[in-house]
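**Student:** Below are the structure tokens for one structure; questions will follow.
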Amino acid sequence: MAASLIRTSYSSAFAFSSPKASVYSPSVSPPSIKVPAFSPLTVKPLSSTFAPHAVRAISLATHATLTPSSVPADTSTTTFHGLCYVVGDNIDTDQIIPAEYLTLVPSNPAEYEKLGSYALVGLPSSYATRFIEPNETKTKYSIVIGGANFGCGSSREHAPVALGAAGAKAVVAESYARIFFRNSVATGEVYPLESEVRICEECKTGDVVTIELGESRLINHTTGKEYKLKPIGDAGPVIDAGGIFAYARKTGMIPSESN
Amino acid sequence: MASSLVSPSPTSSFIRNKKDLGFSAFPCSSQIAIQKCRKQVSKKIVSVMAPQQSERKPATTGSVKTGMTMTEKILARASEKPQLSPGDNVWVNVDILMTHDVCGPGSIGIFKKEFGENAKVWDREKVVIIPDHYIFTSDERANRNVDILRDFCMEQNIKYFYDIKDLGNFKANPDYKGVCHVALAQEGHCRPGEVLLGTDSHTCTAGAFGQFATGIGNTDAGFVLGTGKLLLKVPPTLRFVMDGEMPPYLLAKDLILQIIGEISVAGATYKSMEFVGTTVESLNMEERMTLCNMVVEAGGKNGVVPADSTTFKYLEDKTSLPYEPVYSDAHASFLSEYRFDISKLEPLVAKPHSPDNRALARECKDVKIDRVYIGSCTGGKTEDFLAAAKVFVASGKKVKVPTFLVPATQKVWLDLYTLPVPGSGGKTCSQIFEEAGCDTPASPSCGACLGGPKDTYARMNEPKVCVSTTNRNFPGRMGHKEGQIYLASPYTAAASALTGYVTDPREFLQ
């Protein structure tokens with residue numbers, strides 16, 4: 001009973017009122033839902049039973065604004081929840097963001113948004129369901145699930161930036177190409193998570209999934225299956241902070257912004 | 001004045017590689033299992049490689065100095081440490097940072113945001129800014145991006161900025177070079193033993209000079225602009241030993257396609273690729289550049305070729321800065337070693353849509369093609385055009401499909417019009433190309449290798465089949481998503497242009 005009660009409140013907290021809304025902007029905080037802190041010790045491994053007190057804290061982490069008071073400083077309570085978009089192996093940077101859009105400069109805010117609108121537009125037409133619907137500029141899929149060697153090809157930072165700007169929060173792939181991984185961490189745009197098995201073969205685009213960073217776990221609510229992820233490790237705090245510069249300042253590696 | 005950098009403690013791992021490679025070389029059988037991609041390897045390929053050696057365990061920790069590979073030594077020197085092991089995260093002093101028109105503006109934006117609007121780069125002589133990607137286009141943003149580079153270079157008094165203002169006539173721009181990786185080499189910025197970083201994946205090309213060179217993103221580049229340092233993880237090294245005399249129908253492109261086909265597009269991820277052996281020693285600098293250029297296509301972090309007399313000779317008239325080459329110790333640890341007998345290799349292609357989709361050129365002879373593209377950092381250097389010209393001379397016939405020629409730099413363009421092609425009776429490449437019915441050599445730039453704005457010369461705007469001397473053939477690479485790109489050497493590309501089908505160059509060269 002407690003479990004179903006919590007599930008009701010859980011799902012209503014994540015109700016998608018509009019097809020676009022999979023990204024939680026900091027201004028959205030459902031006042032009627034109490035969100036107690038997540039207590040790892042009380043959680044049972046299976047997704048269907050929740051210990052009464054354990055409702056996940058939702059990290060409203062966006063890369064741009066991070067206020068320590070409202071967001072946990074570490075990754076142990078960070079959770080992503082939303083629809084997933086599934087792609088295959090060797091998704092290279094030309095598919096993530098075709099070269100013709102590289103004239104857009106990511107550090108320019110208007111062009112940053114435009115980059116997002118083109119995320120994954122290079123996928124072949126065999127992907128009937130597109131990452132971003134025609135006439136939309138944001139994605140409804142907050143999690144991308146990929147196969148091996150995700151992000152191979154170019155060193156262009158536009159690739160993780162486009163995904164982040166489109167509204168993706170995390171990529172869960174079997175493995176990564178090194179520059180894409182490095183760029184994801186450096187920019188703090190998306191969490192590049194690794195699965196232990198080929199999740200891309202067991203999930204379908206549109207499945208509802210939850211990623212618990214602290215538990216290194218992905219739960220597919222549509223199929224009911226759970227998967228272990230490799231811990232994000234030291235890259236986690238860097239992405240949390242908003243990228244290497246923010247992290248370096250936060251940890252005193254470089255002095256604050258004034259030169 | 002860059003912001004001062006508080007050095008982190010040696011044990012802090014700033015950005016840790018999410019998987020610890022350790023030294024688990026993949027044994028032969030599971031190596032095939034590991035690439036679960038849908039690639040089809042032609043069953044007819046004769047195995048010309050000895051099975052890989054079993055891995056050698058790394059030296060144990062302790063105060064005993066152990067042997068290091070070339071890459072480890074370069075990074076050790078650059079991080080001012082006496083000893084390094086793969087897996088170590090170290091702060092490395094950067095000798096050269098290169099950027100271009102696509103990633104430069106973004107890197108500059110980050111630099112200014114993080115270090116301040118009035119910040120100065122760490123060293124105005126170590127930043128090399130080379131517009132090359134989207135130059136000869138009417139795309140306003142592309143043109144604006146070159147302007148952004150110019151503004152920054154003037155403000156920072158950047159010593160090496162290869163500017164272009166007159167887009168209608170590249171020759172009217174004395175400073176303009178063209179493709180960054182070729183320009184870096186031609187202008188003497190590549191030196192043995194140094195660390196060269198660039199905002200482009202093919203920065204690994206410079207490893208041909210016996211230096212550590214790799215591609216980074218805008219944020220990392222912004223960091224380097226301000227501090228002159230970057231945190232890097234030391235990669236383990238895969239060693240590729242190539243011995244034997246290079247047959248007259250093979251080029252370095254065939255060698256690297258062979259390797260990528262063997263280890264797959266992720267076979268060298270997070271690793272260094274070291275190329276040694278008598279065959280490598282016989283290659284000229286541009287061929288070595290081709291070899292290292294496609295290291296990234298195997299996922300490699302960097303590629304290296306030991307510097308030798310060929311290297312020193314090339315550099316003689318290009319740089320006056322002192323340099324000190326390094327070489328792998330005899331007892332260094334390599335993750336794996338692959339050996340080749342070059343005499344047994346045949347001309348190859350990488351079929352659509354992956355650089356590791358290796359096939360023998362002669363087995364693709366029924367593939368009808370629509371066009372041929374000869375250009376890019378991979379296949380648009382002087383040596384590449386000389387090679388293509390050789391095939392046209394041997395044939396004496398005209399091409400059957402549109403054949404696009406895009407010299408990488410102004411120097412290459414000039415060579416096409418001045419250098420005599422051996423065996424042609426004193427003709428230049430341009431004359432030979434004209435007689436063969438190729439397109440006139442275009443303005444030097446990256447061109448259509450990566451598609452680019454819609455008005456880019458030779459961009460694939462409809463689904464076509466193209467044999468190209470470029471480096472990638474993923475869907476949409478040259479423009480159209482349904483385009484079919486066969487990656488090949490300049491010999492194979494020229495041969496294919498003559499027949500209108502994918503063609504083994506031995507049809508013309510023997």
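Letters A, B, ... mark the chains of the structure tokens in the order given; residue numbers begin at 1 per chain; ligand numbers begin at 1, in order shown.
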Which parts of region 140-193 of chain B does DSSP call alpha helix (DSSP H) when run on the backbone here, written out as a JSON list (two decimals) with C-alpha atoms, in the first residue's frame?

**Tutor:**
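Final output, selection17.json:
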[["chain", "number", "residue", "atom", "x", "y", "z"],
["B", 140, "GLU", "CA", 27.46, 34.10, -43.27],
["B", 141, "ARG", "CA", 28.10, 32.35, -40.01],
["B", 142, "ALA", "CA", 31.06, 30.52, -41.48],
["B", 143, "ASN", "CA", 32.51, 33.79, -42.72],
["B", 144, "ARG", "CA", 31.80, 35.43, -39.39],
["B", 145, "ASN", "CA", 33.74, 32.68, -37.62],
["B", 146, "VAL", "CA", 36.89, 33.59, -39.52],
["B", 147, "ASP", "CA", 36.31, 37.21, -38.50],
["B", 148, "ILE", "CA", 36.06, 36.12, -34.87],
["B", 149, "LEU", "CA", 39.43, 34.42, -35.19],
["B", 150, "ARG", "CA", 40.92, 37.55, -36.70],
["B", 151, "ASP", "CA", 39.61, 39.82, -33.96],
["B", 152, "PHE", "CA", 41.05, 37.52, -31.33],
["B", 153, "CYS", "CA", 44.42, 37.24, -33.04],
["B", 154, "MET", "CA", 44.73, 40.98, -33.34],
["B", 155, "GLU", "CA", 43.72, 41.54, -29.75],
["B", 156, "GLN", "CA", 46.13, 38.89, -28.48],
["B", 180, "CYS", "CA", 45.40, 22.83, -40.46],
["B", 181, "HIS", "CA", 47.21, 19.50, -40.04],
["B", 182, "VAL", "CA", 49.13, 19.88, -43.27],
["B", 183, "ALA", "CA", 49.83, 23.53, -42.57],
["B", 184, "LEU", "CA", 51.20, 22.71, -39.11],
["B", 185, "ALA", "CA", 53.70, 20.35, -40.70],
["B", 186, "GLN", "CA", 54.62, 22.62, -43.59]]

**Student:** Quick one: which chain A residues come within 6 Å of chain B, and what is the nearest atom pair for each with the distance in Å to one decimal, counting only C-alpha atoms, rows ordered by chain and ascending number, as a Markdown table?

**Tutor:**
| residue | atom | partner | partner_atom | distance |
| --- | --- | --- | --- | --- |
| A:Ala99 | CA | B:Gly452 | CA | 5.6 |
| A:Glu100 | CA | B:Gly452 | CA | 4.4 |
| A:Thr103 | CA | B:Ala142 | CA | 5.3 |
| A:Val105 | CA | B:Gly106 | CA | 5.3 |
| A:Pro106 | CA | B:Gly106 | CA | 5.7 |
| A:Ser107 | CA | B:Gly106 | CA | 5.4 |
| A:Ser154 | CA | B:Ser201 | CA | 5.0 |
| A:Ser155 | CA | B:Ser201 | CA | 4.6 |
| A:Arg156 | CA | B:Gly217 | CA | 5.9 |
| A:Glu157 | CA | B:Gly217 | CA | 5.0 |
| A:Asn183 | CA | B:Gly217 | CA | 5.8 |
| A:Asp234 | CA | B:Arg16 | CA | 5.7 |
| A:Ala235 | CA | B:Ile15 | CA | 5.5 |
| A:Met253 | CA | B:Val6 | CA | 5.1 |
| A:Ile254 | CA | B:Leu5 | CA | 5.2 |
| A:Asn259 | CA | B:Ser3 | CA | 5.3 |

**Student:** Would you please work out which residue, of A:Val121, A:Ile244, A:Val238, A:Val208, is nearest to Thr223 (chain A) when using only C-alpha atoms?

**Tutor:**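 Looking only at the distances to Thr223 (chain A), the closest residue turns out to be A:Val208.
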
**Student:** Set the distance at 7 Å and use only C-alpha atoms: which residues neighbour Lys368 (chain B) once local chain neighbours fewer than 6 positions away are removed? I'd like the list as a list in words.

**Tutor:** Gly500, Tyr501 and Val502 of chain B

**Student:** Check the smallest atom-to-atom distance from each of A:Ala148, A:Ile199, A:Val185, A:Leu229 to Glu215 (chain A) using only C-alpha atoms, then report the winner.

**Tutor:**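 Closest to Glu215 (chain A) of all the choices is A:Leu229.
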
**Student:** Determine, counting only C-alpha atoms, which protein, DNA and RNA residues have an atom within 12 Å of an atom of Arg198 (chain A); residues of the same chain fewer than 5 positions away are not included. Present the result as number ranges by chain.

**Tutor:** A: 86-89, 145-149, 172-175, 203, 227-229; B: 34, 36-37

**Student:** Restricting the output to N, CA, C and O atoms, write the selected residues as a JSON list (two decimals), in the first residue's frame.

**Tutor:**
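Output file result-v4.json follows:
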[["chain", "number", "residue", "atom", "x", "y", "z"],
["A", 86, "VAL", "N", 16.60, 5.22, -28.01],
["A", 86, "VAL", "CA", 17.59, 4.15, -28.17],
["A", 86, "VAL", "C", 18.25, 4.21, -29.54],
["A", 86, "VAL", "O", 17.57, 4.29, -30.58],
["A", 87, "VAL", "N", 19.56, 4.18, -29.53],
["A", 87, "VAL", "CA", 20.31, 4.14, -30.79],
["A", 87, "VAL", "C", 21.26, 2.95, -30.76],
["A", 87, "VAL", "O", 21.36, 2.25, -29.75],
["A", 88, "GLY", "N", 21.98, 2.74, -31.85],
["A", 88, "GLY", "CA", 22.82, 1.55, -31.96],
["A", 88, "GLY", "C", 24.29, 1.81, -31.66],
["A", 88, "GLY", "O", 24.63, 2.67, -30.86],
["A", 89, "ASP", "N", 25.16, 1.04, -32.35],
["A", 89, "ASP", "CA", 26.59, 1.14, -32.13],
["A", 89, "ASP", "C", 27.21, 2.24, -32.99],
["A", 89, "ASP", "O", 26.66, 2.62, -34.01],
["A", 145, "ILE", "N", 20.08, 6.07, -24.95],
["A", 145, "ILE", "CA", 20.70, 4.77, -24.68],
["A", 145, "ILE", "C", 21.40, 4.31, -25.95],
["A", 145, "ILE", "O", 20.78, 4.22, -27.01],
["A", 146, "GLY", "N", 22.68, 4.04, -25.83],
["A", 146, "GLY", "CA", 23.44, 3.67, -27.02],
["A", 146, "GLY", "C", 24.21, 2.38, -26.85],
["A", 146, "GLY", "O", 24.24, 1.78, -25.78],
["A", 147, "GLY", "N", 24.86, 1.98, -27.93],
["A", 147, "GLY", "CA", 25.64, 0.75, -27.93],
["A", 147, "GLY", "C", 27.11, 1.03, -27.69],
["A", 147, "GLY", "O", 27.48, 1.82, -26.83],
["A", 148, "ALA", "N", 27.94, 0.41, -28.51],
["A", 148, "ALA", "CA", 29.38, 0.54, -28.32],
["A", 148, "ALA", "C", 29.91, 1.78, -29.03],
["A", 148, "ALA", "O", 29.35, 2.24, -30.02],
["A", 149, "ASN", "N", 31.00, 2.31, -28.49],
["A", 149, "ASN", "CA", 31.76, 3.38, -29.17],
["A", 149, "ASN", "C", 30.91, 4.61, -29.47],
["A", 149, "ASN", "O", 31.02, 5.21, -30.54],
["A", 172, "VAL", "N", 23.51, 6.67, -21.75],
["A", 172, "VAL", "CA", 23.94, 5.40, -21.17],
["A", 172, "VAL", "C", 24.36, 4.53, -22.34],
["A", 172, "VAL", "O", 23.54, 4.12, -23.16],
["A", 173, "ALA", "N", 25.66, 4.32, -22.47],
["A", 173, "ALA", "CA", 26.15, 3.55, -23.61],
["A", 173, "ALA", "C", 27.00, 2.39, -23.11],
["A", 173, "ALA", "O", 27.46, 2.37, -21.98],
["A", 174, "GLU", "N", 27.22, 1.46, -24.01],
["A", 174, "GLU", "CA", 28.05, 0.31, -23.65],
["A", 174, "GLU", "C", 29.51, 0.75, -23.52],
["A", 174, "GLU", "O", 30.25, 0.24, -22.68],
["A", 175, "SER", "N", 29.92, 1.70, -24.39],
["A", 175, "SER", "CA", 31.28, 2.24, -24.31],
["A", 175, "SER", "C", 31.31, 3.54, -25.10],
["A", 175, "SER", "O", 30.41, 3.82, -25.89],
["A", 203, "CYS", "N", 16.02, -2.13, -24.42],
["A", 203, "CYS", "CA", 15.12, -0.99, -24.22],
["A", 203, "CYS", "C", 14.64, -0.49, -25.57],
["A", 203, "CYS", "O", 15.31, -0.68, -26.59],
["A", 227, "TYR", "N", 19.19, -2.43, -14.44],
["A", 227, "TYR", "CA", 20.52, -2.69, -14.95],
["A", 227, "TYR", "C", 21.55, -1.97, -14.10],
["A", 227, "TYR", "O", 21.35, -0.84, -13.68],
["A", 228, "LYS", "N", 22.68, -2.64, -13.91],
["A", 228, "LYS", "CA", 23.77, -2.02, -13.18],
["A", 228, "LYS", "C", 24.55, -1.14, -14.15],
["A", 228, "LYS", "O", 24.78, -1.53, -15.30],
["A", 229, "LEU", "N", 24.94, 0.02, -13.65],
["A", 229, "LEU", "CA", 25.78, 0.89, -14.46],
["A", 229, "LEU", "C", 27.16, 0.95, -13.83],
["A", 229, "LEU", "O", 27.30, 0.73, -12.63],
["B", 34, "ILE", "N", 34.54, -9.04, -29.07],
["B", 34, "ILE", "CA", 34.34, -7.73, -28.47],
["B", 34, "ILE", "C", 33.73, -6.74, -29.46],
["B", 34, "ILE", "O", 32.90, -5.94, -29.12],
["B", 36, "LYS", "N", 31.13, -6.01, -31.38],
["B", 36, "LYS", "CA", 29.83, -6.60, -31.69],
["B", 36, "LYS", "C", 29.15, -5.83, -32.82],
["B", 36, "LYS", "O", 28.02, -6.02, -33.11],
["B", 37, "CYS", "N", 29.88, -4.90, -33.43],
["B", 37, "CYS", "CA", 29.28, -4.14, -34.51],
["B", 37, "CYS", "C", 28.91, -5.07, -35.64],
["B", 37, "CYS", "O", 29.44, -6.16, -35.78]]

**Student:** Would you compute the distance between CA of Met246 (chain B) and CA of Gly396 (chain B)? Give it in Å to one decimal.

**Tutor:** 24.4 Å

**Student:** I'd like the contact shell of Ser142 (chain A) - 9 Å cut-off, only C-alpha atoms, skipping same-chain residues fewer than 3 positions apart - returned as a ChimeraX atom specification.

**Tutor:** /A:22-23,80-85,139,166-171

**Student:** CA of Lys397 (chain B) and CA of Lys344 (chain B), how far apart in Å?

**Tutor:**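 Separation between CA of Lys344 (chain B) and CA of Lys397 (chain B): 29.1 Å.
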
**Student:** Write out as a ChimeraX atom specification each polymer residue whose atoms come within 7 Å of region 302-304 of chain B, counting only C-alpha atoms; drop sequence neighbours fewer than 6 positions from it.

**Tutor:** /B:204,207-208,210-214,272-275,292,295

**Student:** Can you tell me, as a list in words, what residues are no more than 8 Å from Thr440 (chain B) when counting only C-alpha atoms, ignoring any on the same chain fewer than 2 positions away?

**Tutor:**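 Near neighbours after the sequence-gap exclusion: Phe404, Leu405, Ser430, Phe433, Glu434, Cys438 and Ala442 of chain B.
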
**Student:** Using N, CA, C and O atoms, can you write the selected residues to a file as a PDB file, in the first residue's frame?

**Tutor:**
ATOM      1  N   PHE B 404      37.028  15.126 -58.367  1.00  0.00           N
ATOM      2  CA  PHE B 404      37.257  16.386 -57.672  1.00  0.00           C
ATOM      3  C   PHE B 404      38.623  16.374 -57.005  1.00  0.00           C
ATOM      4  O   PHE B 404      38.984  15.420 -56.322  1.00  0.00           O
ATOM      5  N   LEU B 405      39.364  17.438 -57.192  1.00  0.00           N
ATOM      6  CA  LEU B 405      40.701  17.549 -56.612  1.00  0.00           C
ATOM      7  C   LEU B 405      40.723  18.763 -55.694  1.00  0.00           C
ATOM      8  O   LEU B 405      40.469  19.875 -56.142  1.00  0.00           O
ATOM      9  N   SER B 430      49.096  19.096 -62.524  1.00  0.00           N
ATOM     10  CA  SER B 430      47.921  19.791 -63.057  1.00  0.00           C
ATOM     11  C   SER B 430      47.724  19.470 -64.532  1.00  0.00           C
ATOM     12  O   SER B 430      46.596  19.301 -64.996  1.00  0.00           O
ATOM     13  N   PHE B 433      46.362  15.956 -64.724  1.00  0.00           N
ATOM     14  CA  PHE B 433      44.961  15.898 -64.292  1.00  0.00           C
ATOM     15  C   PHE B 433      44.054  16.469 -65.377  1.00  0.00           C
ATOM     16  O   PHE B 433      42.970  15.970 -65.644  1.00  0.00           O
ATOM     17  N   GLU B 434      44.527  17.536 -65.997  1.00  0.00           N
ATOM     18  CA  GLU B 434      43.704  18.169 -67.041  1.00  0.00           C
ATOM     19  C   GLU B 434      43.532  17.222 -68.221  1.00  0.00           C
ATOM     20  O   GLU B 434      42.434  17.043 -68.746  1.00  0.00           O
ATOM     21  N   CYS B 438      40.106  15.451 -65.228  1.00  0.00           N
ATOM     22  CA  CYS B 438      39.675  15.739 -63.865  1.00  0.00           C
ATOM     23  C   CYS B 438      39.219  17.192 -63.776  1.00  0.00           C
ATOM     24  O   CYS B 438      39.541  18.003 -64.632  1.00  0.00           O
ATOM     25  N   ALA B 442      40.812  22.680 -56.858  1.00  0.00           N
ATOM     26  CA  ALA B 442      40.001  23.716 -56.219  1.00  0.00           C
ATOM     27  C   ALA B 442      40.801  24.509 -55.196  1.00  0.00           C
ATOM     28  O   ALA B 442      41.951  24.211 -54.910  1.00  0.00           O
TER      29      ALA B 442
END

**Student:** Return the single residue from A:Gln95, A:Thr129, A:Thr77, A:Thr187 that is closest to Tyr141 (chain A), with distances computed using only C-alpha atoms.

**Tutor:** A:Thr129

**Student:** What does the structure give for the distance between CA of Cys429 (chain B) and CA of Leu416 (chain B), in Å to one decimal?

**Tutor:** 4.9 Å

**Student:** Which of these residues is nearest to Ala497 (chain B), using only C-alpha atoms: B:Leu255, B:Val127, B:Ile485, B:Val401?

**Tutor:** B:Val401
